[in-house]
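Notes for the one structure printed next.
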Amino acid sequence: MTARAADRARYDRATAHLDAPLAIVDLDAFDANADDLVRRAAGKPVRVASKSVRCRALLERVLARDGFQGIMSFTLAESLWLARSGFDDILLAYPSADRSGFAELAADPKLAGAVTVMIDDVAHLDLIDAARDGGREVVRVCLELDTSLKLLGGRVRVGALRSPLYSPAQLAELARAVARRPGFELVGIMAYEGHIAGVGDSVTGRPFRSRAIRLMQAAARRELAERRAAVVRAVRAVAPGLEFVNGGGTGSVQHTAAEDAVTEIAAGSGLYVPRLFDNYTSFSGRPAALFAQPVVRRPGVGVVTVLGGGYPASGAAGPDRLPVPYLPEGLRYDPQEGPGEVQTPLLGSPADDLLIGDKVWFRHAKAGELCERFDVLQLVEGDTVTATVPTYRGEGQTFL
């Protein structure tokens, strides 16, 4: 029996009393992945990206482990909810235009002390001030650095379109604007190198593309390390009390941790290890989050149909954004239908061994987005479901 077949047998036994569709997290794999992130961070604390987890119970579990500290959130509403739930170190990773949320933040000392918001423009300060509605609490802010690699005098750009702040001078200028502004405190710098951390460098069947990605990422790491160090020096000259410099992402943890200027690492997807992280040479993890769909039809030899399963992930549309049938091994989509809204035909010889009501296990493409489809996660240890915990959706929280 292969390791994957053994996992299928465990998951089927653990959930035999439960009807699909359902989602599980294998806690043995989850904890092993957490240990790997800590190992690669080499002593620097790992801040957990909540968008990649979207389950309070699992955020609490990982933050209770040595090596993890704080949450990186994705909306202001989520940040405030987490702070009210008892989390006390929350970095909002994206600028917000949530005026009512800023009014709450500025009016509550507990929330203001727990949440740090992201800015990359003086206009963000203006919006927050206009939204205060009499609130006088000091708002903690973080500046975001554009990590993109610019080549040929800027005519070629590699990286996500995020912050407009690229040079040390630009960040220092905004740092001075924060320092002059009553009601704000600059406490951090963040830089997410998505073109390094979020792009696999070993594309199946594409050796030349893989080589090109590795060359690009090596050049990007060198350029960013030098520029990030210069940015931190420039900003610390304005704000010597800077508390943290956040960088990284699951795919680049060990590289970012090696930079002296970085004080903490951001990661989250590496806990669940969705299918997008199969194409990396820098690390390998264990798939921890899966979902199961029930077989509801047997249209013919070598074919079964499962209920639903059309759960595409965000990003540029393409095959890599689709979930993949994982267990039993050897199933594939019908190219004319793919994963469907209400039914998904699956082809392959393993289909002939599946009966009506059997489970087919899938892996989603991007980590926490799976939790937008399910109210609860079944937590599996060995071949037993040891707990059932709500996702954000299960707690009635749909932030985006």
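Labeling convention for the structure tokens: chains A, B, ... as they appear, residues from 1 per chain, ligands from 1 in order of appearance.
Backbone DSSP over segment 70-177 of chain A yields strand (DSSP E or B) at Gly70, Ile71, Met72, Ser73, Ile90, Leu91, Leu92, Val115, Thr116, Val117, Met118, Ile119, Val139, Arg140, Val141, Cys142, Leu143, Glu144, Leu149, Lys150, Leu151, Val156, Arg157 and Val158 of chain A.
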Inset, instruction - Within 7 Å of segment 202-206 of chain A, counting only C-alpha atoms, which residues show up once you throw out same-chain ones fewer than 2 positions away? Write them as a ChimeraX atom specification, please. - result: /A:200,208-210,279-281
Inset, instruction - Tell me, in Å to one decimal, how far atom CA of Lys51 of chain A is from atom CA of Leu145 of chain A. - result: 20.1 Å
Inset, instruction - State, in Å with one decimal place, the distance from atom CA of Thr305 of chain A to atom CA of Ala5 of chain A. - result: 20.6 Å
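Remark: for Val301 of chain A, the closest of the candidate residues A:Leu379, A:Leu346, A:Ile90, A:Leu161 is A:Leu346 (distances computed over only C-alpha atoms).
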Legend entry - Selection near Ala169 of chain A, 12 Å with only C-alpha atoms, sequence-local residues under 2 positions removed, as a list in words: Leu145, Leu165, Tyr166, Ser167, Leu171, Ala172, Glu173, Leu174, Ala175, Arg176, Arg227, Arg228, Ala230, Val231, Val232, Arg233, Ala234, Val235, Ala237 and Val238 of chain A
Inset, instruction - List the neighbours of Gly135 of chain A out to 8 Å using only C-alpha atoms; skip same-chain residues closer than 4 positions along the sequence, and give me the result as a list in words. - result: Ala103, Glu104, Leu105, Ala106, Ala107 and Asp108 of chain A
Inset, instruction - With a distance cut-off of 9 Å and only C-alpha atoms, select the neighbouring residues of segment 389-400 of chain A, excluding the residue or stretch itself and same-chain residues fewer than 5 positions from it, and output the selection as number ranges by chain. - result: A: 53-58, 74-78, 371-379
Inset, instruction - Based on DSSP run over this structure's backbone, return all residues of segment 115-360 of chain A in helix (DSSP H, G or I), as an MDAnalysis selection string. - result: chainID A and resid 122:131 152:154 168:180 194:197 207:238 250:257 269:272 275:278 319:321 349:353
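For the pair atom CA of Arg157 of chain A and atom CA of Ala41 of chain A, the separation is 27.9 Å.
Every protein or nucleic acid residue with an atom no more than 7 Å from Val117 of chain A, counting only C-alpha atoms and leaving out same-chain residues fewer than 3 positions away, appears here: Leu91, Leu92, Pro95, Arg140, Val141 and Cys142 of chain A.
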Inset, instruction - With a distance cut-off of 12 Å and only C-alpha atoms, select the neighbouring residues of Thr263 of chain A, excluding the residue or stretch itself and same-chain residues fewer than 4 positions from it, and output the selection as a PyMOL selection string. - result: chain A and resi 41-47+69+188-191+228-229+232+242-248+256-259
Export N, CA, C and O atoms of the chosen residues as a compact mmCIF listing (two decimals), in the first residue's frame?
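Okay, selection_10.txt is ready:
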# COMPACT_ATOMS: atom_id res chain seq x y z
N ALA A 41 12.53 29.14 9.42
CA ALA A 41 12.63 30.53 9.89
C ALA A 41 13.86 30.76 10.74
O ALA A 41 14.20 31.92 11.04
N ALA A 42 14.52 29.70 11.18
CA ALA A 42 15.84 29.77 11.84
C ALA A 42 15.88 30.75 13.01
O ALA A 42 16.80 31.57 13.12
N GLY A 43 14.87 30.67 13.87
CA GLY A 43 14.90 31.48 15.08
C GLY A 43 14.10 32.76 15.01
O GLY A 43 13.89 33.41 16.05
N LYS A 44 13.67 33.16 13.82
CA LYS A 44 12.83 34.36 13.71
C LYS A 44 11.36 33.95 13.83
O LYS A 44 10.95 32.92 13.29
N PRO A 45 10.54 34.72 14.54
CA PRO A 45 9.15 34.32 14.74
C PRO A 45 8.37 34.33 13.43
O PRO A 45 8.61 35.16 12.55
N VAL A 46 7.44 33.41 13.33
CA VAL A 46 6.58 33.30 12.16
C VAL A 46 5.23 33.92 12.49
O VAL A 46 4.56 33.51 13.45
N ARG A 47 4.83 34.91 11.70
CA ARG A 47 3.51 35.53 11.84
C ARG A 47 2.57 34.80 10.89
O ARG A 47 2.83 34.69 9.70
N GLN A 69 4.27 33.77 16.30
CA GLN A 69 3.92 34.97 17.06
C GLN A 69 3.13 35.93 16.18
O GLN A 69 3.65 36.44 15.20
N GLY A 188 6.05 49.49 12.03
CA GLY A 188 6.58 48.38 11.25
C GLY A 188 6.72 48.66 9.77
O GLY A 188 6.21 49.66 9.25
N ILE A 189 7.43 47.76 9.12
CA ILE A 189 7.56 47.73 7.66
C ILE A 189 7.21 46.30 7.22
O ILE A 189 7.61 45.33 7.86
N MET A 190 6.47 46.20 6.14
CA MET A 190 6.16 44.89 5.58
C MET A 190 6.56 44.85 4.12
O MET A 190 6.42 45.84 3.40
N ALA A 191 7.05 43.68 3.66
CA ALA A 191 7.38 43.48 2.26
C ALA A 191 7.09 42.04 1.91
O ALA A 191 7.76 41.13 2.41
N ARG A 228 15.90 46.21 0.70
CA ARG A 228 15.16 46.16 1.97
C ARG A 228 16.05 46.67 3.12
O ARG A 228 15.58 47.40 3.99
N ALA A 229 17.30 46.28 3.13
CA ALA A 229 18.21 46.74 4.18
C ALA A 229 18.33 48.26 4.14
O ALA A 229 18.34 48.93 5.19
N VAL A 232 15.11 49.84 5.51
CA VAL A 232 15.02 49.77 6.98
C VAL A 232 15.92 50.81 7.63
O VAL A 232 15.53 51.48 8.59
N LEU A 242 10.97 51.52 15.66
CA LEU A 242 10.33 50.54 14.80
C LEU A 242 10.33 49.17 15.47
O LEU A 242 11.37 48.67 15.90
N GLU A 243 9.17 48.52 15.55
CA GLU A 243 9.05 47.26 16.30
C GLU A 243 9.35 46.03 15.45
O GLU A 243 9.85 45.03 15.98
N PHE A 244 9.02 46.06 14.17
CA PHE A 244 9.20 44.85 13.36
C PHE A 244 9.41 45.20 11.89
O PHE A 244 9.00 46.26 11.41
N VAL A 245 10.09 44.27 11.21
CA VAL A 245 10.22 44.29 9.75
C VAL A 245 9.78 42.91 9.29
O VAL A 245 10.44 41.91 9.56
N ASN A 246 8.64 42.87 8.61
CA ASN A 246 8.03 41.60 8.22
C ASN A 246 8.32 41.31 6.75
O ASN A 246 8.22 42.18 5.90
N GLY A 247 8.67 40.05 6.47
CA GLY A 247 8.89 39.65 5.09
C GLY A 247 8.62 38.18 4.92
O GLY A 247 8.37 37.46 5.87
N GLY A 248 8.67 37.76 3.67
CA GLY A 248 8.60 36.33 3.43
C GLY A 248 7.34 35.86 2.75
O GLY A 248 6.75 36.56 1.93
N THR A 256 14.33 34.63 3.23
CA THR A 256 14.02 35.90 3.87
C THR A 256 14.56 35.94 5.29
O THR A 256 15.05 36.97 5.76
N ALA A 257 14.48 34.82 6.00
CA ALA A 257 14.98 34.77 7.38
C ALA A 257 16.47 35.04 7.46
O ALA A 257 16.97 35.48 8.50
N ALA A 258 17.19 34.79 6.37
CA ALA A 258 18.64 35.00 6.36
C ALA A 258 19.02 36.47 6.28
O ALA A 258 20.18 36.83 6.50
N GLU A 259 18.05 37.36 5.99
CA GLU A 259 18.34 38.79 5.90
C GLU A 259 18.37 39.41 7.31
O GLU A 259 17.40 39.28 8.07
